[in-house]
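Participant: Structure file data38.cif, mmCIF, C-alpha atoms and all ligand atoms, is pasted below:
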data_data
#
loop_
_atom_site.label_atom_id
_atom_site.label_comp_id
_atom_site.auth_asym_id
_atom_site.auth_seq_id
_atom_site.Cartn_x
_atom_site.Cartn_y
_atom_site.Cartn_z
CA MET A 1 0.00 0.00 0.00
CA LYS A 2 1.45 3.36 -1.04
CA SER A 3 1.35 6.25 1.40
CA ILE A 4 -1.61 8.61 1.53
CA ALA A 5 0.67 11.51 0.49
CA GLU A 6 0.91 9.90 -2.94
CA ILE A 7 -2.78 10.43 -3.76
CA LYS A 8 -2.06 14.13 -4.35
CA PRO A 9 -1.70 13.85 -8.16
CA LEU A 10 -4.89 11.74 -8.32
CA LEU A 11 -6.87 14.61 -6.83
CA GLU A 12 -5.60 17.22 -9.29
CA SER A 13 -8.31 16.57 -11.90
CA PRO A 14 -12.03 15.94 -11.20
CA LYS A 15 -12.82 12.30 -10.42
CA LYS A 16 -15.89 10.20 -9.77
CA VAL A 17 -15.48 9.16 -6.14
CA VAL A 18 -17.31 6.99 -3.60
CA ILE A 19 -16.57 7.13 0.13
CA THR A 20 -17.72 4.24 2.26
CA MET A 21 -17.39 3.10 5.87
CA HIS A 22 -18.03 0.04 8.03
CA GLN A 23 -21.56 -1.30 8.45
CA LYS A 24 -23.68 0.20 11.25
CA PRO A 25 -21.44 3.29 11.22
CA ASP A 26 -20.63 5.14 14.41
CA ALA A 27 -19.81 8.83 14.71
CA ASP A 28 -16.19 8.28 13.66
CA ALA A 29 -17.07 6.31 10.53
CA MET A 30 -19.71 8.85 9.52
CA GLY A 31 -17.77 11.92 10.69
CA SER A 32 -14.55 10.96 8.91
CA SER A 33 -16.45 10.07 5.72
CA LEU A 34 -18.40 13.34 5.67
CA ALA A 35 -15.30 15.40 6.51
CA LEU A 36 -13.55 13.85 3.52
CA TYR A 37 -16.67 14.45 1.42
CA HIS A 38 -16.72 18.18 2.24
CA TYR A 39 -13.02 18.38 1.39
CA LEU A 40 -13.26 16.53 -1.93
CA ILE A 41 -16.29 18.45 -3.23
CA GLN A 42 -14.39 21.71 -2.71
CA LYS A 43 -11.63 20.21 -4.87
CA GLY A 44 -14.19 19.74 -7.67
CA HIS A 45 -14.77 15.98 -7.45
CA GLN A 46 -18.08 14.20 -7.90
CA VAL A 47 -18.49 12.48 -4.56
CA THR A 48 -21.09 10.11 -3.10
CA VAL A 49 -21.02 8.73 0.44
CA ILE A 50 -22.51 5.24 0.83
CA SER A 51 -23.20 3.57 4.16
CA PRO A 52 -23.40 -0.25 3.95
CA THR A 53 -26.42 -0.20 6.30
CA ASN A 54 -28.68 2.27 8.07
CA PHE A 55 -27.18 4.53 10.73
CA PRO A 56 -28.38 5.91 14.06
CA ASP A 57 -30.56 9.03 14.30
CA PHE A 58 -28.02 10.78 16.50
CA LEU A 59 -25.72 11.11 13.45
CA LYS A 60 -28.35 12.74 11.22
CA TRP A 61 -27.43 16.30 12.26
CA MET A 62 -24.03 15.97 10.59
CA PRO A 63 -23.59 18.28 7.61
CA GLY A 64 -24.08 16.13 4.51
CA ALA A 65 -25.72 13.19 6.34
CA ASP A 66 -28.98 13.70 4.43
CA GLY A 67 -27.14 12.86 1.20
CA VAL A 68 -25.65 9.58 2.45
CA ILE A 69 -27.03 6.56 0.57
CA ASP A 70 -27.95 3.43 2.55
CA PHE A 71 -26.72 0.47 0.47
CA GLU A 72 -29.45 -1.81 1.86
CA SER A 73 -32.53 0.40 1.65
CA SER A 74 -31.53 2.38 -1.50
CA ASN A 75 -29.63 -0.30 -3.34
CA ASP A 76 -30.42 0.97 -6.86
CA ARG A 77 -29.07 4.43 -6.07
CA ALA A 78 -25.98 2.95 -4.42
CA MET A 79 -25.24 0.71 -7.41
CA GLU A 80 -25.68 3.67 -9.75
CA ALA A 81 -23.25 5.75 -7.65
CA LEU A 82 -20.67 2.94 -7.73
CA LYS A 83 -20.83 2.61 -11.52
CA GLY A 84 -17.63 3.77 -13.20
CA ILE A 85 -15.99 5.26 -10.12
CA GLU A 86 -12.29 6.05 -10.30
CA LEU A 87 -11.54 6.30 -6.58
CA LEU A 88 -13.00 4.37 -3.65
CA PHE A 89 -12.21 5.66 -0.16
CA CYS A 90 -12.66 3.15 2.67
CA LEU A 91 -12.88 4.88 6.04
CA ASP A 92 -12.72 3.54 9.59
CA PHE A 93 -12.30 -0.11 8.53
CA ASN A 94 -9.49 -2.16 7.03
CA ALA A 95 -11.10 -5.33 5.65
CA LEU A 96 -13.82 -5.30 3.01
CA TYR A 97 -16.03 -7.83 4.84
CA ARG A 98 -16.78 -5.00 7.31
CA THR A 99 -19.07 -3.53 4.63
CA LYS A 100 -21.35 -6.58 4.90
CA ASN A 101 -23.52 -6.99 1.77
CA MET A 102 -21.50 -4.36 -0.10
CA ALA A 103 -18.25 -6.33 0.15
CA PRO A 104 -18.68 -8.55 -2.96
CA TYR A 105 -19.37 -5.45 -5.10
CA LEU A 106 -16.40 -3.54 -3.72
CA GLU A 107 -14.09 -6.48 -4.39
CA LYS A 108 -15.10 -6.51 -8.07
CA LEU A 109 -14.67 -2.75 -8.60
CA ASP A 110 -11.97 -1.83 -11.09
CA CYS A 111 -10.82 1.39 -9.42
CA ILE A 112 -8.17 2.74 -7.09
CA LYS A 113 -8.90 1.79 -3.46
CA ILE A 114 -7.72 4.05 -0.66
CA MET A 115 -7.91 3.16 3.05
CA ILE A 116 -7.87 5.63 5.93
CA ASP A 117 -8.11 3.73 9.20
CA HIS A 118 -6.83 3.15 12.74
CA HIS A 119 -7.78 -0.49 13.45
CA LEU A 120 -5.26 -3.29 13.98
CA GLU A 121 -4.18 -5.78 11.32
CA PRO A 122 -5.18 -4.18 8.00
CA GLN A 123 -5.99 -6.53 5.12
CA PRO A 124 -4.18 -6.31 1.76
CA GLY A 125 -5.96 -5.06 -1.37
CA PHE A 126 -5.72 -1.29 -0.91
CA ASP A 127 -3.61 0.76 -3.35
CA TYR A 128 -3.01 3.79 -1.15
CA GLY A 129 -3.73 4.71 2.41
CA VAL A 130 -2.87 5.28 5.98
CA SER A 131 -3.25 2.68 8.72
CA ASP A 132 -2.23 4.29 11.99
CA THR A 133 -3.31 2.35 15.08
CA THR A 134 -2.02 5.10 17.36
CA ALA A 135 -4.51 7.64 15.96
CA SER A 136 -7.38 8.56 18.24
CA SER A 137 -9.87 8.27 15.40
CA THR A 138 -10.18 7.99 11.64
CA ALA A 139 -11.49 11.56 11.76
CA GLN A 140 -8.09 12.67 13.07
CA LEU A 141 -6.43 10.84 10.17
CA VAL A 142 -8.65 12.68 7.67
CA TYR A 143 -7.62 15.95 9.28
CA GLU A 144 -3.93 14.96 9.05
CA THR A 145 -4.39 13.79 5.46
CA ILE A 146 -5.75 17.19 4.43
CA TYR A 147 -2.66 18.78 5.98
CA ILE A 148 -0.31 16.24 4.34
CA LEU A 149 -1.85 17.19 0.99
CA GLY A 150 -1.18 20.86 1.77
CA ASP A 151 -4.88 21.68 1.61
CA GLU A 152 -5.62 22.91 5.14
CA LYS A 153 -7.19 26.05 3.68
CA TYR A 154 -10.18 23.84 2.78
CA ILE A 155 -10.92 22.94 6.43
CA ASN A 156 -14.22 24.77 6.86
CA LEU A 157 -16.85 24.60 9.60
CA GLU A 158 -18.56 21.51 8.12
CA ILE A 159 -15.28 19.59 8.08
CA ALA A 160 -14.40 20.80 11.59
CA GLN A 161 -17.76 19.62 12.96
CA CYS A 162 -17.47 16.17 11.37
CA ILE A 163 -13.89 15.69 12.54
CA TYR A 164 -14.71 16.80 16.07
CA ALA A 165 -17.71 14.42 16.24
CA GLY A 166 -15.57 11.43 15.22
CA THR A 167 -12.81 12.35 17.64
CA VAL A 168 -14.94 13.11 20.70
CA THR A 169 -16.79 9.80 20.42
CA ASP A 170 -13.78 7.57 19.62
CA THR A 171 -11.79 9.03 22.52
CA GLY A 172 -14.65 8.66 25.05
CA SER A 173 -14.79 12.46 25.30
CA PHE A 174 -10.99 12.80 25.31
CA ARG A 175 -10.33 10.34 28.12
CA PHE A 176 -8.86 7.24 26.43
CA ALA A 177 -5.09 6.77 26.26
CA SER A 178 -5.08 7.66 22.53
CA THR A 179 -5.90 11.29 23.43
CA ASN A 180 -2.44 12.81 23.12
CA ALA A 181 -1.25 16.40 22.76
CA LYS A 182 -1.69 16.17 18.97
CA VAL A 183 -5.40 15.52 19.43
CA HIS A 184 -5.83 18.59 21.63
CA ARG A 185 -3.81 20.71 19.20
CA MET A 186 -6.08 19.55 16.39
CA VAL A 187 -9.18 20.50 18.39
CA ALA A 188 -7.66 23.92 19.13
CA ASP A 189 -7.13 24.40 15.38
CA LEU A 190 -10.75 23.36 14.69
CA MET A 191 -11.96 25.88 17.28
CA ASP A 192 -9.85 28.58 15.62
CA ARG A 193 -11.78 27.69 12.46
CA GLY A 194 -15.14 28.37 14.12
CA LEU A 195 -16.05 25.07 15.77
CA LYS A 196 -18.53 25.39 18.65
CA HIS A 197 -17.91 22.16 20.55
CA GLU A 198 -20.96 22.39 22.84
CA VAL A 199 -23.30 22.23 19.86
CA ILE A 200 -21.75 18.91 18.81
CA HIS A 201 -21.93 17.47 22.35
CA GLN A 202 -25.61 18.35 22.59
CA ALA A 203 -26.35 16.85 19.18
CA ILE A 204 -24.65 13.57 20.09
CA TYR A 205 -25.17 13.13 23.82
CA ASP A 206 -28.35 15.05 24.69
CA ASN A 207 -30.51 13.63 21.98
CA PHE A 208 -31.99 10.43 23.37
CA LEU A 209 -35.61 9.35 23.65
CA GLU A 210 -37.04 8.39 27.03
CA ASN A 211 -37.12 4.67 26.17
CA ARG A 212 -33.34 4.62 25.79
CA LEU A 213 -32.84 5.80 29.37
CA ARG A 214 -35.45 3.34 30.66
CA PHE A 215 -33.56 0.58 28.85
CA LEU A 216 -30.28 1.77 30.39
CA GLY A 217 -31.78 1.62 33.90
CA HIS A 218 -33.25 -1.81 33.26
CA SER A 219 -29.97 -3.15 31.88
CA LEU A 220 -27.85 -1.84 34.76
CA LEU A 221 -30.30 -3.21 37.32
CA ASN A 222 -31.22 -6.55 35.80
CA ARG A 223 -28.71 -7.55 33.13
CA MET A 224 -25.36 -6.73 34.64
CA GLU A 225 -23.08 -9.34 36.21
CA VAL A 226 -19.76 -8.66 37.86
CA PHE A 227 -17.07 -11.32 38.21
CA TYR A 228 -14.72 -9.72 40.72
CA GLU A 229 -12.39 -12.73 40.71
CA TYR A 230 -11.66 -12.02 37.04
CA ASN A 231 -11.98 -8.19 37.23
CA THR A 232 -14.63 -8.52 34.55
CA ALA A 233 -18.15 -7.14 34.16
CA MET A 234 -20.71 -8.33 31.65
CA MET A 235 -24.13 -7.41 30.39
CA ALA A 236 -26.16 -9.88 28.34
CA ILE A 237 -29.18 -8.39 26.56
CA PRO A 238 -31.86 -10.75 25.25
CA TYR A 239 -33.67 -9.90 22.03
CA THR A 240 -36.92 -9.48 24.01
CA ASP A 241 -35.38 -6.42 25.73
CA LEU A 242 -34.63 -4.79 22.37
CA LYS A 243 -38.29 -5.26 21.40
CA ARG A 244 -39.73 -4.25 24.78
CA PHE A 245 -37.88 -0.92 24.79
CA ASP A 246 -38.30 -0.41 21.04
CA LEU A 247 -34.57 0.14 20.58
CA GLN A 248 -33.25 1.58 17.34
CA THR A 249 -29.83 1.41 15.69
CA GLY A 250 -27.31 3.15 17.96
CA ASP A 251 -29.36 2.92 21.18
CA THR A 252 -26.92 0.46 22.76
CA GLU A 253 -23.91 2.62 21.85
CA GLY A 254 -21.74 3.43 24.87
CA LEU A 255 -23.54 0.99 27.18
CA VAL A 256 -20.43 -1.15 27.58
CA ASN A 257 -18.47 1.81 28.97
CA PHE A 258 -20.66 1.92 32.10
CA LEU A 259 -19.28 -1.49 33.06
CA LEU A 260 -15.70 -0.26 32.92
CA SER A 261 -16.51 2.45 35.44
CA ILE A 262 -16.84 -0.12 38.24
CA GLN A 263 -13.86 0.01 40.61
CA GLY A 264 -11.19 -2.57 39.76
CA ILE A 265 -12.80 -3.77 36.51
CA LYS A 266 -10.28 -4.42 33.72
CA MET A 267 -12.56 -5.93 31.09
CA ALA A 268 -16.16 -5.23 30.15
CA ALA A 269 -18.35 -7.16 27.74
CA LEU A 270 -21.71 -6.27 26.26
CA ILE A 271 -23.40 -9.26 24.66
CA ILE A 272 -26.55 -8.55 22.64
CA ASP A 273 -28.87 -10.99 20.95
CA ARG A 274 -29.60 -9.33 17.59
CA ASN A 275 -31.89 -12.21 16.65
CA VAL A 276 -29.93 -13.36 13.60
CA GLU A 277 -26.63 -13.38 15.46
CA VAL A 278 -25.21 -12.40 18.82
CA LYS A 279 -22.95 -9.32 18.82
CA LEU A 280 -20.25 -8.80 21.42
CA SER A 281 -18.46 -5.57 22.39
CA PHE A 282 -15.36 -5.64 24.55
CA ARG A 283 -13.57 -2.85 26.39
CA SER A 284 -10.54 -3.02 28.63
CA LYS A 285 -8.33 -0.83 30.73
CA GLY A 286 -4.56 -1.14 30.87
CA ASN A 287 -2.74 -4.17 29.53
CA PHE A 288 -5.54 -6.63 28.76
CA ASP A 289 -5.71 -6.99 24.96
CA VAL A 290 -9.33 -7.32 23.82
CA ASN A 291 -8.32 -7.31 20.14
CA THR A 292 -6.60 -10.68 20.60
CA PHE A 293 -9.43 -11.88 22.86
CA ALA A 294 -12.09 -11.04 20.24
CA ARG A 295 -10.08 -12.64 17.43
CA LYS A 296 -9.39 -15.81 19.38
CA TYR A 297 -12.85 -16.53 20.75
CA PHE A 298 -15.46 -14.53 18.83
CA ASP A 299 -14.45 -14.08 15.19
CA GLY A 300 -13.80 -10.37 15.64
CA GLY A 301 -11.13 -7.80 16.46
CA GLY A 302 -10.56 -4.07 16.60
CA HIS A 303 -8.26 -2.16 18.93
CA PHE A 304 -6.15 -3.16 21.93
CA ASN A 305 -8.65 -1.68 24.43
CA ALA A 306 -11.86 -1.79 22.34
CA SER A 307 -13.05 -4.54 20.05
CA GLY A 308 -16.05 -6.49 18.89
CA GLY A 309 -17.03 -9.99 17.91
CA ARG A 310 -19.96 -12.18 16.91
CA SER A 311 -21.43 -15.56 17.60
CA THR A 312 -24.05 -17.68 15.85
CA ASP A 313 -24.78 -19.61 19.06
CA PRO A 314 -27.87 -18.63 21.08
CA LEU A 315 -27.38 -15.95 23.75
CA GLU A 316 -27.06 -18.29 26.74
CA LYS A 317 -24.56 -20.52 25.00
CA THR A 318 -22.55 -17.46 23.91
CA VAL A 319 -22.51 -16.18 27.49
CA GLY A 320 -21.26 -19.59 28.64
CA ARG A 321 -18.47 -19.49 26.06
CA PHE A 322 -17.58 -15.96 27.15
CA ILE A 323 -17.31 -16.97 30.81
CA ARG A 324 -15.08 -19.93 29.92
CA ALA A 325 -12.89 -17.65 27.80
CA VAL A 326 -12.58 -15.26 30.75
CA GLU A 327 -11.58 -18.17 33.00
CA GLU A 328 -8.91 -19.18 30.51
CA ASN A 329 -7.55 -15.62 30.66
CA GLU A 330 -7.64 -15.43 34.44
CA GLU A 331 -3.95 -14.64 34.82
CA LEU A 332 -3.94 -11.89 32.20
CA LEU A 333 -6.93 -10.30 33.91
CA GLN A 334 -5.22 -9.91 37.29
MN MN B 1 -12.89 4.79 14.59
#
Take the structure in this file and express it as structure tokens.

Facilitator:
Amino acid sequence: MKSIAEIKPLLESPKKVVITMHQKPDADAMGSSLALYHYLIQKGHQVTVISPTNFPDFLKWMPGADGVIDFESSNDRAMEALKGIELLFCLDFNALYRTKNMAPYLEKLDCIKIMIDHHLEPQPGFDYGVSDTTASSTAQLVYETIYILGDEKYINLEIAQCIYAGTVTDTGSFRFASTNAKVHRMVADLMDRGLKHEVIHQAIYDNFLENRLRFLGHSLLNRMEVFYEYNTAMMAIPYTDLKRFDLQTGDTEGLVNFLLSIQGIKMAALIIDRNVEVKLSFRSKGNFDVNTFARKYFDGGGHFNASGGRSTDPLEKTVGRFIRAVEENEELLQ
């Protein structure tokens, strides 16, 4: 994979471009994609952003979000946008399978593929890109890319808002270890460019419906288990809970972080029965590597301190497997 700096000549003449992200995008996937979109349209390119699936309501305020095509619900429009593209940007993921039903189409595309990402163990198949696992967020990498290309004059308010949204969410509001001085300098630069951070916080964090808080209370009271001997906390959510509280995409976002706030806990797991398959989210503090854990036991991966996995076993069986995996890792969890 050639370095991202080398895409400069490719951007000198107008191109047909698609930007895509991982399925069920979070604020970093959507924020980095839309930041790049607002940059590339100023450079005169014809750009479409495609999400492999639907995305949560709390991302719909983002400038440009109303133009994002959902590959599943607007498949004809997505296929039309992909026709004859010259550049494909893949943001906040590093393996095509992360685009779910879109993956077979992306594999067949005869175009230049560019990755901008911060997850571990990138897959081959990208022509250009940046894969920096020390970056706080993909949004930060988009910001740095614009600087590398010498185009910082294009960083307008729309771009600043999208980059800030991706960074604030992926750093847990600037508290994870990845929040270094560079991140704060970037935010200072965005503020110099007109960013009002409190507007973004309100749009992301003060925008829930009542049912989401009721669900949170129910989950903390009735679904949480703490295994002090393994410094691990877990929450297993049956599908009936998702129905009962009428949860939408994104409503379980951040739930796993509550578990990590318990004194002494080093690993947290959120296990949700999504009906077709069981999804697992892992978080850790310090030196317990949940990327390896997710890869080894649950067909997943991600970052050292944040990862995800999946299981086709029923919820109870998956929980049993999780507990056995934790027991196997007893020493590493001390
Ligand atoms: Mn990210």

Participant: Rank A:Lys317, A:Arg244, A:His45, A:His22 by their smallest atom-to-atom distance to ligand MN 1 (chain B), using all atoms listed in the file, and report the top residue only.

Facilitator: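 Selected residue with least distance to ligand MN 1 (chain B): A:His22.
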
Participant: What do you get as JSON, numbers by chain if you pick all residues at most 6 Å from ligand MN 1 (chain B), counting only C-alpha atoms and all ligand atoms?

Facilitator: {"A": [28, 92, 137, 138, 170]}

Participant: Restricting it to C-alpha atoms, dump the selection as an mmCIF file, in the frame of the given file.

Facilitator:
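Contents of selection_1.cif, as written:
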data_model
loop_
_atom_site.group_PDB
_atom_site.id
_atom_site.type_symbol
_atom_site.label_atom_id
_atom_site.label_comp_id
_atom_site.auth_asym_id
_atom_site.auth_seq_id
_atom_site.Cartn_x
_atom_site.Cartn_y
_atom_site.Cartn_z
ATOM 1 C CA ASP A 28 -16.190 8.280 13.660
ATOM 2 C CA ASP A 92 -12.720 3.540 9.590
ATOM 3 C CA SER A 137 -9.870 8.270 15.400
ATOM 4 C CA THR A 138 -10.180 7.990 11.640
ATOM 5 C CA ASP A 170 -13.780 7.570 19.620
#

Participant: Find the residue from A:Leu332, A:Ile155, A:Val187, A:Leu34 that sits nearest to Tyr230 (chain A); use only C-alpha atoms when measuring.

Facilitator: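 Among the listed residues, the smallest separation from Tyr230 (chain A) belongs to A:Leu332.
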
Participant: Which polymer residues have any atom within 10 Å of an atom of Phe258 (chain A), counting all atoms listed in the file, with same-chain residues fewer than 2 positions away left out, as number ranges by chain?

Facilitator: A: 216, 220, 233, 254-256, 260-262, 268

Participant: Counting all atoms listed in the file, figure out which residue out of A:Ile204, A:Val278, A:Ile114, A:Ala160 gets nearest to Asp192 (chain A).

Facilitator: A:Ala160

Participant: Distance cut-off 9 Å, centre (-16.4, -1.4, -12.7) in file coordinates, counting all atoms listed in the file: which residues qualify? Return them as a list in words.

Facilitator: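 It turns out the residues near that spot are Leu82, Lys83, Gly84, Ile85, Glu86, Lys108, Leu109, Asp110 and Cys111 of chain A.
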
Participant: Report as a VMD selection string all protein, DNA and RNA residues lying within 12 Å of Gln23 (chain A), evaluated on only C-alpha atoms, omitting residues in the same chain fewer than 3 positions from it.

Facilitator: chain A and resid 20 26 29 to 30 50 to 56 70 to 72 90 to 93 95 to 103 249 to 250

Participant: Write out as a PyMOL selection string each polymer residue whose atoms come within 10 Å of Ala177 (chain A), counting all atoms listed in the file; drop sequence neighbours fewer than 2 positions from it.

Facilitator: chain A and resi 134+136+171-172+174-175+179-180+285-286+305

Participant: Which value, in Å to one decimal, gives the distance between CA of Leu247 (chain A) and CA of Arg295 (chain A)?

Facilitator: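 So the answer is 27.8 Å.
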
Participant: Distance CA of Val326 (chain A)-CA of Leu120 (chain A), one decimal place?

Facilitator: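 Separation between CA of Val326 (chain A) and CA of Leu120 (chain A): 21.9 Å.
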
Participant: What is the CA of Asp57 (chain A)-CA of Glu277 (chain A) distance in Å, reported with one decimal?

Facilitator: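 Atom-to-atom, CA of Asp57 (chain A) to CA of Glu277 (chain A), that is 22.8 Å.
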
Participant: Choose the residue, out of A:Gly264, A:Pro314, A:Gly194, A:Gly67, that has the smallest atom-to-atom separation from Phe227 (chain A); count all atoms listed in the file.

Facilitator: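 Comparing A:Gly264, A:Pro314, A:Gly194, A:Gly67 against Phe227 (chain A), the winner is A:Gly264.
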
Participant: Nearest residue to Ser219 (chain A) out of A:Glu121, A:Asp241, A:Asp132, A:Glu198, using all atoms listed in the file?

Facilitator: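 Using all atoms listed in the file, the shortest distance to Ser219 (chain A) belongs to A:Asp241.
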
Participant: Give the answer as one residue: which of A:Met186, A:Tyr143, A:Met224, A:Ser3 has the shortest atom-to-atom distance to Ser131 (chain A), using all atoms listed in the file?

Facilitator: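 Looking only at the distances to Ser131 (chain A), the closest residue turns out to be A:Ser3.
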
Participant: Give me the residues within 10 Å of region 306-308 of chain A as number ranges by chain, counting all atoms listed in the file and dropping any in the same chain fewer than 5 places off.

Facilitator: A: 119-120, 170, 267-271, 279-285, 289-295, 298-301

Participant: Using only C-alpha atoms, what residues lie at most 12 Å away from (-18.8, 25.9, 18.0) (file coordinates), given as a list in words?

Facilitator: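 I get Leu157, Glu158, Ala160, Gln161, Cys162, Tyr164, Ala165, Val187, Ala188, Leu190, Met191, Asp192, Arg193, Gly194, Leu195, Lys196, His197, Glu198, Val199, Ile200, His201, Gln202 and Ala203 of chain A for the residues within 12 Å of that point.
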
Participant: Excluding Thr240 (chain A) and residues on its chain fewer than 3 positions from it, collect all residues at most 12 Å away from it, counting all atoms listed in the file, and give them as a PyMOL selection string.

Facilitator: chain A and resi 215+236-237+243-247+272-275+315
